[in-house]
$ cat protein_13.cif   # mmCIF, C-alpha atoms and all ligand atoms
data_work
#
loop_
_atom_site.group_PDB
_atom_site.id
_atom_site.type_symbol
_atom_site.label_atom_id
_atom_site.label_comp_id
_atom_site.auth_asym_id
_atom_site.auth_seq_id
_atom_site.Cartn_x
_atom_site.Cartn_y
_atom_site.Cartn_z
ATOM 1 C CA MET G 107 6.732 82.638 -5.271
ATOM 2 C CA SER G 108 9.738 80.327 -4.995
ATOM 3 C CA ALA G 109 11.095 78.393 -7.936
ATOM 4 C CA GLU G 110 9.789 75.219 -6.341
ATOM 5 C CA THR G 111 6.185 76.318 -5.994
ATOM 6 C CA SER G 112 6.035 77.449 -9.617
ATOM 7 C CA GLU G 113 6.998 73.979 -10.844
ATOM 8 C CA LYS G 114 4.415 71.261 -11.278
ATOM 9 C CA THR G 115 4.717 68.559 -8.658
ATOM 10 C CA VAL G 116 2.300 66.058 -10.181
ATOM 11 C CA ALA G 117 2.900 64.910 -13.737
ATOM 12 C CA VAL G 118 0.131 63.203 -15.681
ATOM 13 C CA GLU G 119 0.667 61.130 -18.803
ATOM 14 C CA TRP G 120 -2.653 60.784 -20.581
ATOM 15 C CA PRO G 121 -3.668 57.577 -22.379
ATOM 16 C CA THR G 122 -2.340 57.006 -25.831
ATOM 17 C CA GLY G 123 -4.593 55.407 -28.426
ATOM 18 C CA GLY G 124 -7.347 53.468 -26.719
ATOM 19 C CA SER G 125 -5.185 52.157 -23.879
ATOM 20 C CA GLY G 126 -7.440 53.461 -21.096
ATOM 21 C CA VAL G 127 -4.372 53.873 -18.879
ATOM 22 C CA ALA G 128 -2.922 57.106 -17.492
ATOM 23 C CA ARG G 129 0.227 57.504 -15.404
ATOM 24 C CA VAL G 130 0.516 59.883 -12.479
ATOM 25 C CA ALA G 131 3.950 60.704 -11.067
ATOM 26 C CA ILE G 132 4.431 62.565 -7.797
ATOM 27 C CA SER G 133 7.304 64.746 -8.815
ATOM 28 C CA ARG G 134 9.100 66.682 -6.121
ATOM 29 C CA PRO G 135 12.247 64.592 -6.107
ATOM 30 C CA GLN G 136 14.425 67.119 -4.272
ATOM 31 C CA ALA G 137 12.289 66.384 -1.173
ATOM 32 C CA LEU G 138 11.754 62.697 -1.989
ATOM 33 C CA ASN G 139 8.256 63.669 -3.206
ATOM 34 C CA ALA G 140 7.156 64.745 0.288
ATOM 35 C CA LEU G 141 3.513 65.805 0.240
ATOM 36 C CA ASN G 142 3.202 69.516 0.822
ATOM 37 C CA ARG G 143 -0.001 71.432 0.184
ATOM 38 C CA GLN G 144 0.972 72.074 -3.415
ATOM 39 C CA VAL G 145 1.401 68.360 -4.109
ATOM 40 C CA LEU G 146 -1.897 67.518 -2.404
ATOM 41 C CA ASP G 147 -3.736 70.223 -4.351
ATOM 42 C CA GLU G 148 -2.207 69.134 -7.640
ATOM 43 C CA LEU G 149 -2.973 65.500 -6.905
ATOM 44 C CA ALA G 150 -6.610 66.383 -6.163
ATOM 45 C CA ALA G 151 -6.817 68.393 -9.395
ATOM 46 C CA ALA G 152 -5.190 65.587 -11.389
ATOM 47 C CA LEU G 153 -7.668 63.047 -9.998
ATOM 48 C CA SER G 154 -10.602 65.298 -10.926
ATOM 49 C CA ALA G 155 -9.321 65.774 -14.452
ATOM 50 C CA LEU G 156 -8.627 62.065 -14.875
ATOM 51 C CA GLU G 157 -12.067 61.107 -13.577
ATOM 52 C CA GLU G 158 -13.710 63.494 -15.988
ATOM 53 C CA ASP G 159 -11.949 61.962 -18.977
ATOM 54 C CA VAL G 160 -13.973 58.936 -20.069
ATOM 55 C CA ARG G 161 -10.964 57.535 -21.892
ATOM 56 C CA VAL G 162 -9.224 56.841 -18.569
ATOM 57 C CA ARG G 163 -10.138 53.676 -16.671
ATOM 58 C CA VAL G 164 -6.912 52.748 -14.879
ATOM 59 C CA ILE G 165 -4.153 54.877 -13.377
ATOM 60 C CA VAL G 166 -0.623 53.928 -12.412
ATOM 61 C CA VAL G 167 0.725 56.091 -9.601
ATOM 62 C CA THR G 168 4.445 56.297 -8.945
ATOM 63 C CA GLY G 169 7.133 58.631 -7.607
ATOM 64 C CA ALA G 170 9.729 60.512 -9.635
ATOM 65 C CA GLY G 171 13.334 59.725 -8.726
ATOM 66 C CA ARG G 172 14.400 57.415 -5.930
ATOM 67 C CA ALA G 173 11.315 57.587 -3.702
ATOM 68 C CA PHE G 174 7.632 56.876 -4.066
ATOM 69 C CA VAL G 175 6.708 59.465 -1.408
ATOM 70 C CA ALA G 176 8.745 59.957 1.797
ATOM 71 C CA GLY G 177 5.793 61.270 3.764
ATOM 72 C CA ALA G 178 3.905 64.427 4.406
ATOM 73 C CA ASP G 179 6.153 67.473 4.305
ATOM 74 C CA ILE G 180 7.771 67.627 7.736
ATOM 75 C CA GLY G 181 8.506 71.345 7.338
ATOM 76 C CA GLU G 182 4.803 72.031 6.914
ATOM 77 C CA ILE G 183 3.936 69.795 9.858
ATOM 78 C CA ALA G 184 6.464 71.656 12.021
ATOM 79 C CA ALA G 185 4.782 74.940 11.105
ATOM 80 C CA LEU G 186 1.303 73.818 12.187
ATOM 81 C CA SER G 187 0.558 76.227 14.977
ATOM 82 C CA SER G 188 -2.511 74.756 16.645
ATOM 83 C CA GLY G 189 -4.458 71.561 17.101
ATOM 84 C CA ALA G 190 -7.158 72.969 14.855
ATOM 85 C CA SER G 191 -4.765 73.703 11.992
ATOM 86 C CA ALA G 192 -3.222 70.241 12.374
ATOM 87 C CA GLU G 193 -6.655 68.639 12.266
ATOM 88 C CA ALA G 194 -7.470 70.602 9.116
ATOM 89 C CA PHE G 195 -4.163 69.445 7.571
ATOM 90 C CA SER G 196 -5.079 65.847 8.396
ATOM 91 C CA ARG G 197 -8.553 66.225 6.894
ATOM 92 C CA ALA G 198 -7.129 67.785 3.741
ATOM 93 C CA GLY G 199 -4.819 64.822 3.138
ATOM 94 C CA GLN G 200 -7.528 62.325 4.049
ATOM 95 C CA SER G 201 -9.926 63.930 1.621
ATOM 96 C CA VAL G 202 -7.563 63.566 -1.351
ATOM 97 C CA PHE G 203 -6.769 59.953 -0.486
ATOM 98 C CA SER G 204 -10.421 59.051 0.132
ATOM 99 C CA ARG G 205 -11.212 60.474 -3.241
ATOM 100 C CA LEU G 206 -8.658 58.114 -4.782
ATOM 101 C CA ALA G 207 -10.047 55.161 -2.814
ATOM 102 C CA SER G 208 -13.626 55.817 -3.917
ATOM 103 C CA SER G 209 -12.788 56.921 -7.455
ATOM 104 C CA ARG G 210 -14.245 55.100 -10.450
ATOM 105 C CA LEU G 211 -10.621 54.820 -11.620
ATOM 106 C CA VAL G 212 -8.796 51.656 -10.650
ATOM 107 C CA SER G 213 -5.386 52.590 -9.285
ATOM 108 C CA ILE G 214 -2.152 50.650 -9.315
ATOM 109 C CA MET G 215 0.436 52.020 -6.924
ATOM 110 C CA ALA G 216 3.886 51.344 -8.371
ATOM 111 C CA ILE G 217 6.036 51.744 -5.243
ATOM 112 C CA ASN G 218 9.483 52.497 -6.536
ATOM 113 C CA GLY G 219 11.284 53.514 -3.324
ATOM 114 C CA TYR G 220 10.468 54.881 0.120
ATOM 115 C CA ALA G 221 6.715 54.948 0.800
ATOM 116 C CA LEU G 222 6.761 56.334 4.322
ATOM 117 C CA GLY G 223 4.101 58.119 6.337
ATOM 118 C CA GLY G 224 1.849 59.916 3.851
ATOM 119 C CA GLY G 225 3.524 57.872 1.102
ATOM 120 C CA LEU G 226 2.308 54.609 2.576
ATOM 121 C CA GLU G 227 -1.041 56.251 3.295
ATOM 122 C CA LEU G 228 -1.301 57.193 -0.375
ATOM 123 C CA ALA G 229 -0.394 53.627 -1.361
ATOM 124 C CA LEU G 230 -3.001 52.254 1.065
ATOM 125 C CA ALA G 231 -5.696 54.379 -0.560
ATOM 126 C CA GLY G 232 -4.883 52.871 -3.955
ATOM 127 C CA ASP G 233 -6.400 49.614 -5.154
ATOM 128 C CA LEU G 234 -3.344 47.463 -5.912
ATOM 129 C CA ARG G 235 0.208 47.807 -4.618
ATOM 130 C CA LEU G 236 3.135 46.659 -6.682
ATOM 131 C CA MET G 237 6.505 47.067 -4.951
ATOM 132 C CA ALA G 238 10.056 47.251 -6.237
ATOM 133 C CA GLU G 239 12.379 44.868 -4.396
ATOM 134 C CA SER G 240 14.389 47.710 -2.841
ATOM 135 C CA ALA G 241 11.363 49.803 -1.788
ATOM 136 C CA LYS G 242 10.494 50.297 1.851
ATOM 137 C CA VAL G 243 7.219 51.165 3.524
ATOM 138 C CA GLY G 244 6.371 52.293 7.023
ATOM 139 C CA LEU G 245 4.591 54.795 9.231
ATOM 140 C CA PRO G 246 7.480 56.554 11.012
ATOM 141 C CA GLU G 247 5.406 59.426 12.445
ATOM 142 C CA ILE G 248 5.778 58.188 16.031
ATOM 143 C CA GLY G 249 9.474 59.059 15.789
ATOM 144 C CA LEU G 250 8.494 62.655 15.079
ATOM 145 C CA GLY G 251 6.241 62.806 18.111
ATOM 146 C CA ILE G 252 3.070 62.623 16.022
ATOM 147 C CA ILE G 253 0.881 59.902 14.485
ATOM 148 C CA PRO G 254 -0.225 59.178 10.911
ATOM 149 C CA GLY G 255 -2.974 61.581 9.879
ATOM 150 C CA PHE G 256 -3.749 60.796 6.249
ATOM 151 C CA GLY G 257 -5.621 57.528 6.878
ATOM 152 C CA GLY G 258 -2.779 55.251 7.994
ATOM 153 C CA THR G 259 -4.161 54.385 11.419
ATOM 154 C CA GLN G 260 -7.430 53.324 9.796
ATOM 155 C CA ARG G 261 -6.576 51.808 6.419
ATOM 156 C CA LEU G 262 -3.509 49.802 7.471
ATOM 157 C CA GLY G 263 -5.430 47.698 9.992
ATOM 158 C CA ARG G 264 -8.182 47.024 7.497
ATOM 159 C CA LEU G 265 -5.579 45.618 5.121
ATOM 160 C CA VAL G 266 -3.190 43.723 7.413
ATOM 161 C CA GLY G 267 -5.143 43.354 10.677
ATOM 162 C CA GLU G 268 -5.151 45.372 13.859
ATOM 163 C CA GLY G 269 -2.173 43.647 15.489
ATOM 164 C CA ARG G 270 0.204 44.277 12.583
ATOM 165 C CA ALA G 271 -1.094 47.813 12.160
ATOM 166 C CA LEU G 272 -0.512 48.570 15.830
ATOM 167 C CA GLU G 273 3.008 47.170 15.560
ATOM 168 C CA LEU G 274 3.875 49.374 12.606
ATOM 169 C CA VAL G 275 2.179 52.510 13.971
ATOM 170 C CA LEU G 276 3.666 52.106 17.460
ATOM 171 C CA THR G 277 7.214 51.258 16.387
ATOM 172 C CA GLY G 278 7.411 53.324 13.214
ATOM 173 C CA ARG G 279 9.764 50.742 11.746
ATOM 174 C CA GLN G 280 10.442 50.470 8.052
ATOM 175 C CA VAL G 281 9.292 47.304 6.322
ATOM 176 C CA ALA G 282 11.201 45.855 3.371
ATOM 177 C CA ALA G 283 9.359 44.633 0.274
ATOM 178 C CA ALA G 284 9.583 40.918 1.092
ATOM 179 C CA GLU G 285 7.948 41.484 4.471
ATOM 180 C CA ALA G 286 5.356 43.829 2.972
ATOM 181 C CA LEU G 287 4.409 40.989 0.633
ATOM 182 C CA ARG G 288 4.093 38.522 3.519
ATOM 183 C CA LEU G 289 1.903 40.990 5.413
ATOM 184 C CA GLY G 290 -0.400 41.424 2.433
ATOM 185 C CA LEU G 291 0.580 45.068 2.187
ATOM 186 C CA ALA G 292 2.061 44.529 -1.261
ATOM 187 C CA ASN G 293 0.227 42.481 -3.874
ATOM 188 C CA GLN G 294 3.482 41.628 -5.619
ATOM 189 C CA VAL G 295 7.189 42.431 -5.434
ATOM 190 C CA VAL G 296 9.303 42.645 -8.562
ATOM 191 C CA PRO G 297 12.953 43.459 -9.318
ATOM 192 C CA ASP G 298 13.424 47.239 -9.437
ATOM 193 C CA ALA G 299 14.078 47.237 -13.175
ATOM 194 C CA GLU G 300 10.784 45.466 -13.852
ATOM 195 C CA LEU G 301 8.503 47.715 -11.790
ATOM 196 C CA SER G 302 7.382 50.031 -14.532
ATOM 197 C CA ALA G 303 6.789 47.318 -17.141
ATOM 198 C CA THR G 304 4.929 45.135 -14.643
ATOM 199 C CA ALA G 305 2.704 48.050 -13.586
ATOM 200 C CA ASP G 306 1.990 48.765 -17.245
ATOM 201 C CA SER G 307 1.114 45.165 -17.890
ATOM 202 C CA TRP G 308 -1.254 45.022 -14.885
ATOM 203 C CA ALA G 309 -2.825 48.253 -16.069
ATOM 204 C CA ALA G 310 -3.294 46.938 -19.614
ATOM 205 C CA GLU G 311 -4.840 43.754 -18.263
ATOM 206 C CA LEU G 312 -7.328 45.718 -16.139
ATOM 207 C CA ALA G 313 -8.105 48.239 -18.856
ATOM 208 C CA ALA G 314 -9.079 45.359 -21.163
ATOM 209 C CA LYS G 315 -11.871 44.263 -18.809
ATOM 210 C CA ALA G 316 -15.450 45.357 -19.420
ATOM 211 C CA PRO G 317 -15.310 48.961 -18.142
ATOM 212 C CA GLN G 318 -18.566 48.899 -16.205
ATOM 213 C CA ALA G 319 -17.692 45.567 -14.628
ATOM 214 C CA LEU G 320 -14.334 46.988 -13.530
ATOM 215 C CA VAL G 321 -16.015 49.917 -11.790
ATOM 216 C CA ALA G 322 -18.714 47.702 -10.301
ATOM 217 C CA ALA G 323 -16.119 45.268 -8.991
ATOM 218 C CA LYS G 324 -14.228 48.045 -7.235
ATOM 219 C CA ARG G 325 -17.387 49.655 -5.867
ATOM 220 C CA ALA G 326 -18.736 46.334 -4.613
ATOM 221 C CA VAL G 327 -15.579 45.558 -2.630
ATOM 222 C CA ARG G 328 -14.818 49.095 -1.449
ATOM 223 C CA GLY G 329 -18.404 49.992 -0.635
ATOM 224 C CA GLY G 330 -19.100 46.772 1.230
ATOM 225 C CA TRP G 331 -15.977 46.480 3.362
ATOM 226 C CA ASP G 332 -17.162 48.264 6.476
ATOM 227 C CA ARG G 333 -20.728 46.971 6.448
ATOM 228 C CA GLU G 334 -22.350 44.156 8.359
ATOM 229 C CA LEU G 335 -22.350 41.019 6.197
ATOM 230 C CA ALA G 336 -26.080 41.124 5.414
ATOM 231 C CA ASP G 337 -25.810 44.760 4.428
ATOM 232 C CA GLY G 338 -22.680 44.045 2.365
ATOM 233 C CA LEU G 339 -24.434 41.217 0.555
ATOM 234 C CA ALA G 340 -27.343 43.518 -0.261
ATOM 235 C CA TRP G 341 -24.829 46.041 -1.606
ATOM 236 C CA GLU G 342 -23.178 43.336 -3.714
ATOM 237 C CA ALA G 343 -26.533 42.289 -5.170
ATOM 238 C CA GLN G 344 -27.242 45.908 -6.067
ATOM 239 C CA CYS G 345 -23.854 46.252 -7.812
ATOM 240 C CA PHE G 346 -24.368 42.882 -9.539
ATOM 241 C CA GLY G 347 -27.797 43.968 -10.729
ATOM 242 C CA GLY G 348 -26.339 47.157 -12.130
ATOM 243 C CA VAL G 349 -23.670 45.454 -14.166
ATOM 244 C CA ALA G 350 -25.401 42.231 -15.224
ATOM 245 C CA ALA G 351 -27.887 44.152 -17.375
ATOM 246 C CA THR G 352 -25.199 45.770 -19.543
ATOM 247 C CA ALA G 353 -24.451 44.911 -23.156
ATOM 248 C CA ASP G 354 -20.918 43.964 -22.088
ATOM 249 C CA ALA G 355 -22.315 41.394 -19.650
ATOM 250 C CA ARG G 356 -24.289 39.841 -22.511
ATOM 251 C CA GLU G 357 -21.193 39.949 -24.700
ATOM 252 C CA GLY G 358 -18.946 38.379 -22.040
ATOM 253 C CA THR G 359 -21.311 35.514 -21.294
ATOM 254 C CA ASP G 360 -22.129 34.940 -24.973
ATOM 255 C CA ALA G 361 -18.408 34.903 -25.841
ATOM 256 C CA PHE G 362 -17.804 32.250 -23.190
ATOM 257 C CA LEU G 363 -20.698 30.095 -24.358
ATOM 258 C CA HIS G 364 -19.536 30.329 -27.973
ATOM 259 C CA LYS G 365 -15.878 29.757 -27.091
ATOM 260 C CA ARG G 366 -14.673 33.054 -28.552
ATOM 261 C CA PRO G 367 -12.833 36.023 -27.018
ATOM 262 C CA PRO G 368 -15.149 38.820 -25.793
ATOM 263 C CA HIS G 369 -15.210 42.216 -27.417
ATOM 264 C CA PHE G 370 -16.227 44.764 -24.795
ATOM 265 C CA THR G 371 -17.482 48.192 -25.786
ATOM 266 C CA GLY G 372 -18.193 49.794 -22.421
ATOM 267 C CA HIS G 373 -21.965 49.630 -22.886
HETATM 268 N N1 LIG A 1 9.320 66.052 4.438
HETATM 269 C C1 LIG A 1 10.138 67.037 4.023
HETATM 270 N N2 LIG A 1 11.337 66.792 3.438
HETATM 271 C C2 LIG A 1 11.720 65.514 3.304
HETATM 272 C C3 LIG A 1 10.928 64.445 3.733
HETATM 273 C C4 LIG A 1 9.665 64.755 4.331
HETATM 274 N N3 LIG A 1 8.811 63.811 4.740
HETATM 275 N N4 LIG A 1 11.575 63.288 3.488
HETATM 276 C C5 LIG A 1 12.717 63.621 2.905
HETATM 277 N N5 LIG A 1 12.829 64.954 2.796
HETATM 278 C C6 LIG A 1 13.934 65.736 2.223
HETATM 279 C C7 LIG A 1 15.127 65.749 3.164
HETATM 280 O O1 LIG A 1 14.964 66.738 4.168
HETATM 281 C C8 LIG A 1 16.238 66.051 2.201
HETATM 282 O O2 LIG A 1 16.244 67.430 1.891
HETATM 283 P P1 LIG A 1 17.648 68.245 1.797
HETATM 284 O O3 LIG A 1 18.362 67.595 0.656
HETATM 285 O O4 LIG A 1 17.176 69.613 1.514
HETATM 286 O O5 LIG A 1 18.308 68.037 3.120
HETATM 287 C C9 LIG A 1 15.830 65.323 0.934
HETATM 288 O O6 LIG A 1 14.427 65.080 1.067
HETATM 289 C C10 LIG A 1 16.503 63.982 0.781
HETATM 290 O O7 LIG A 1 16.305 63.239 1.964
HETATM 291 P P2 LIG A 1 17.486 62.580 2.819
HETATM 292 O O8 LIG A 1 16.994 62.424 4.227
HETATM 293 O O9 LIG A 1 18.750 63.327 2.622
HETATM 294 O O10 LIG A 1 17.610 61.152 2.106
HETATM 295 P P3 LIG A 1 18.120 59.788 2.764
HETATM 296 O O11 LIG A 1 18.238 58.831 1.642
HETATM 297 O O12 LIG A 1 19.296 60.016 3.639
HETATM 298 O O13 LIG A 1 16.928 59.312 3.712
HETATM 299 C C11 LIG A 1 14.617 58.869 4.248
HETATM 300 C C12 LIG A 1 15.696 58.955 3.147
HETATM 301 C C13 LIG A 1 13.292 58.624 3.554
HETATM 302 C C14 LIG A 1 14.933 57.685 5.196
HETATM 303 C C15 LIG A 1 14.600 60.188 5.060
HETATM 304 O O14 LIG A 1 14.517 61.270 4.156
HETATM 305 C C16 LIG A 1 13.435 60.300 6.019
HETATM 306 O O15 LIG A 1 13.481 59.687 7.096
HETATM 307 N N6 LIG A 1 12.416 61.093 5.644
HETATM 308 C C17 LIG A 1 11.294 61.347 6.505
HETATM 309 C C18 LIG A 1 10.371 60.145 6.573
HETATM 310 C C19 LIG A 1 9.212 60.448 7.495
HETATM 311 O O16 LIG A 1 9.350 60.568 8.690
HETATM 312 N N7 LIG A 1 8.004 60.520 6.911
HETATM 313 C C20 LIG A 1 6.796 60.794 7.654
HETATM 314 C C21 LIG A 1 6.514 62.243 7.663
HETATM 315 S S1 LIG A 1 5.053 62.616 8.558
#

$ encode --input "protein_13.cif" --output "structure tokens"
Amino acid sequence: MSAETSEKTVAVEWPTGGSGVARVAISRPQALNALNRQVLDELAAALSALEEDVRVRVIVVTGAGRAFVAGADIGEIAALSSGASAEAFSRAGQSVFSRLASSRLVSIMAINGYALGGGLELALAGDLRLMAESAKVGLPEIGLGIIPGFGGTQRLGRLVGEGRALELVLTGRQVAAAEALRLGLANQVVPDAELSATADSWAAELAAKAPQALVAAKRAVRGGWDRELADGLAWEAQCFGGVAATADAREGTDAFLHKRPPHFTGH
């Protein structure tokens, strides 16, 4: 086993006190956090562990060093010896990212540098994208003679529209933060030095919401996106029904009516 494979490539900081917020750092900085199988496996394991811990409601995902994630590991892609093994590689990445997208955890992607290829695909699977001013995103796979395989050809268009997605997938060009914001790819852009504090403050704001409402809100939007409107509305009503009967829903509405701040307990 090489020195690299024995080192952890995903670092998790668990919540302190009752914050409800954990931080996940992709940490393979010598390769700009490129996603090899080890990183994908560790990310999947980290997500499982975080989901199992009821203290955690929100995660902030970022990259160690100067990149968020500079893509899937090109060395591993080069070694794929058949269409079948490449398809399996694609499915493996997709499965980890889909797990993040459908997780009960709300994720804030703090994009601190290059988010290219699999890095942008990871960011697209997250719920909110906060970008540092100097960060760049893009799907450069076309330049390698391949295409995105971890969800990029599907999730990008759903976020920014088919025309923009085609442009970025076909050209492979890198997009600076200001343009990413205009495209709706980034929710907000902040000076590099403020990325971490802003992500923390978003996370704290979300973690203070009624926990079941937070999950229901994510599930309603995520689970309804690809449905016909009537079906999506039925899904929304189901999610609304599930959350409106909670003690926190009674607390939130009562607090409003009595002009006091709510105190949510998660029940
Ligand atoms: N897979 C494997 N290794 C990668 C990588 C990737 N996706 N992206 C970067 N690295 C490695 C480089 O090979 C280099 O390793 P070395 O120091 O052993 O030579 C190290 O990370 C630093 O990268 P480097 O290219 O020297 O940094 P840079 O600042 O000059 O350029 C990028 C940064 C992001 C523009 C450039 O690394 C790049 O184009 N990466 C590939 C992006 C890509 O095509 N992603 C999609 C993959 S499917």

$ resolve_selection --input "protein_13.cif" --expression "the PyMOL selection byres (((chain G and resi 276) around 9) and not hetatm)" --output "list in words"
Leu245, Pro246, Ile248, Ile253, Ala271, Leu272, Glu273, Leu274, Val275, Thr277, Gly278 and Arg279 of chain G

$ resolve_selection --input "protein_13.cif" --expression "the PyMOL selection byres (((not hetatm)) within 8 of (chain A and resi 1))" --output "MDAnalysis selection string"
chainID G and resid 135:142 173 175:183 220 222:225 245:247 249:250 252:254

$ resolve_selection --input "protein_13.cif" --expression "the PyMOL selection byres (((chain G and resi 350-352) around 12) and not hetatm)" --output "list in words"
Ala316, Pro317, Gln318, Ala319, Ala322, Ala323, Glu342, Ala343, Gln344, Cys345, Phe346, Gly347, Gly348, Val349, Ala353, Asp354, Ala355, Arg356, Glu357, Gly358, Thr359, Phe370, Thr371, Gly372 and His373 of chain G

$ closest_residue --input "protein_13.cif" --among "G:Val167, G:Ala185, G:Ala303, G:Ala326" --to "Ala131 in chain G" --atoms "only C-alpha atoms"
G:Val167

$ atom_distance --input "protein_13.cif" --atom1 "CA of Leu211 in chain G" --atom2 "CA of Ala155 in chain G"
11.4 Å

$ axis_aligned_box --input "protein_13.cif" --around "range 345-361 of chain G" --padding-each-side "3 Å" --output "AutoDock Vina command-line options"
--center_x -23.1 --center_y 41.0 --center_z -16.8 --size_x 15.5 --size_y 18.3 --size_z 24.0

$ atom_distance --input "protein_13.cif" --atom1 "CA of Gly269 in chain G" --atom2 "CA of Ser209 in chain G"
28.6 Å

$ residues_around --input "protein_13.cif" --residues "Ala117 in chain G" --least-positions-apart "4" --cutoff "8 Å" --atoms "only C-alpha atoms" --output "ChimeraX atom specification"
/G:130-133

$ residues_near_point --input "protein_13.cif" --point "(2.6, 49.2, 0.6)" --cutoff "7 Å" --atoms "all atoms listed in the file" --output "list in words"
Leu226, Ala229, Leu230, Arg235, Val243, Ala286, Leu291 and Ala292 of chain G

$ atom_distance --input "protein_13.cif" --atom1 "CA of Glu300 in chain G" --atom2 "CA of Met237 in chain G"
10.0 Å

$ residues_around --input "protein_13.cif" --residues "Gln200 in chain G" --least-positions-apart "5" --cutoff "8 Å" --atoms "only C-alpha atoms" --output "PyMOL selection string"
chain G and resi 255-257

$ build_atoms --input "protein_13.cif" --residues "range 311-322 of chain G" --atoms "N, CA and C atoms" --output "PDB file, in the frame of the given file"
ATOM      1  N   GLU G 311      -3.936  44.876 -18.520  1.00  0.00           N
ATOM      2  CA  GLU G 311      -4.840  43.754 -18.263  1.00  0.00           C
ATOM      3  C   GLU G 311      -6.174  44.273 -17.696  1.00  0.00           C
ATOM      4  N   LEU G 312      -6.102  45.199 -16.758  1.00  0.00           N
ATOM      5  CA  LEU G 312      -7.328  45.718 -16.139  1.00  0.00           C
ATOM      6  C   LEU G 312      -8.132  46.569 -17.121  1.00  0.00           C
ATOM      7  N   ALA G 313      -7.413  47.346 -17.923  1.00  0.00           N
ATOM      8  CA  ALA G 313      -8.105  48.239 -18.856  1.00  0.00           C
ATOM      9  C   ALA G 313      -8.814  47.454 -19.959  1.00  0.00           C
ATOM     10  N   ALA G 314      -8.419  46.186 -20.131  1.00  0.00           N
ATOM     11  CA  ALA G 314      -9.079  45.359 -21.163  1.00  0.00           C
ATOM     12  C   ALA G 314     -10.379  44.726 -20.647  1.00  0.00           C
ATOM     13  N   LYS G 315     -10.627  44.835 -19.352  1.00  0.00           N
ATOM     14  CA  LYS G 315     -11.871  44.263 -18.809  1.00  0.00           C
ATOM     15  C   LYS G 315     -13.056  45.119 -19.264  1.00  0.00           C
ATOM     16  N   ALA G 316     -14.255  44.562 -19.110  1.00  0.00           N
ATOM     17  CA  ALA G 316     -15.450  45.357 -19.420  1.00  0.00           C
ATOM     18  C   ALA G 316     -15.465  46.562 -18.475  1.00  0.00           C
ATOM     19  N   PRO G 317     -15.472  47.785 -19.001  1.00  0.00           N
ATOM     20  CA  PRO G 317     -15.310  48.961 -18.142  1.00  0.00           C
ATOM     21  C   PRO G 317     -16.311  49.063 -16.997  1.00  0.00           C
ATOM     22  N   GLN G 318     -17.578  48.769 -17.289  1.00  0.00           N
ATOM     23  CA  GLN G 318     -18.566  48.899 -16.205  1.00  0.00           C
ATOM     24  C   GLN G 318     -18.396  47.808 -15.152  1.00  0.00           C
ATOM     25  N   ALA G 319     -17.933  46.645 -15.593  1.00  0.00           N
ATOM     26  CA  ALA G 319     -17.692  45.567 -14.628  1.00  0.00           C
ATOM     27  C   ALA G 319     -16.516  45.931 -13.727  1.00  0.00           C
ATOM     28  N   LEU G 320     -15.507  46.583 -14.315  1.00  0.00           N
ATOM     29  CA  LEU G 320     -14.334  46.988 -13.530  1.00  0.00           C
ATOM     30  C   LEU G 320     -14.746  47.954 -12.422  1.00  0.00           C
ATOM     31  N   VAL G 321     -15.556  48.937 -12.786  1.00  0.00           N
ATOM     32  CA  VAL G 321     -16.015  49.917 -11.790  1.00  0.00           C
ATOM     33  C   VAL G 321     -16.902  49.231 -10.756  1.00  0.00           C
ATOM     34  N   ALA G 322     -17.797  48.370 -11.232  1.00  0.00           N
ATOM     35  CA  ALA G 322     -18.714  47.702 -10.301  1.00  0.00           C
ATOM     36  C   ALA G 322     -17.941  46.805  -9.342  1.00  0.00           C
TER      37      ALA G 322
END
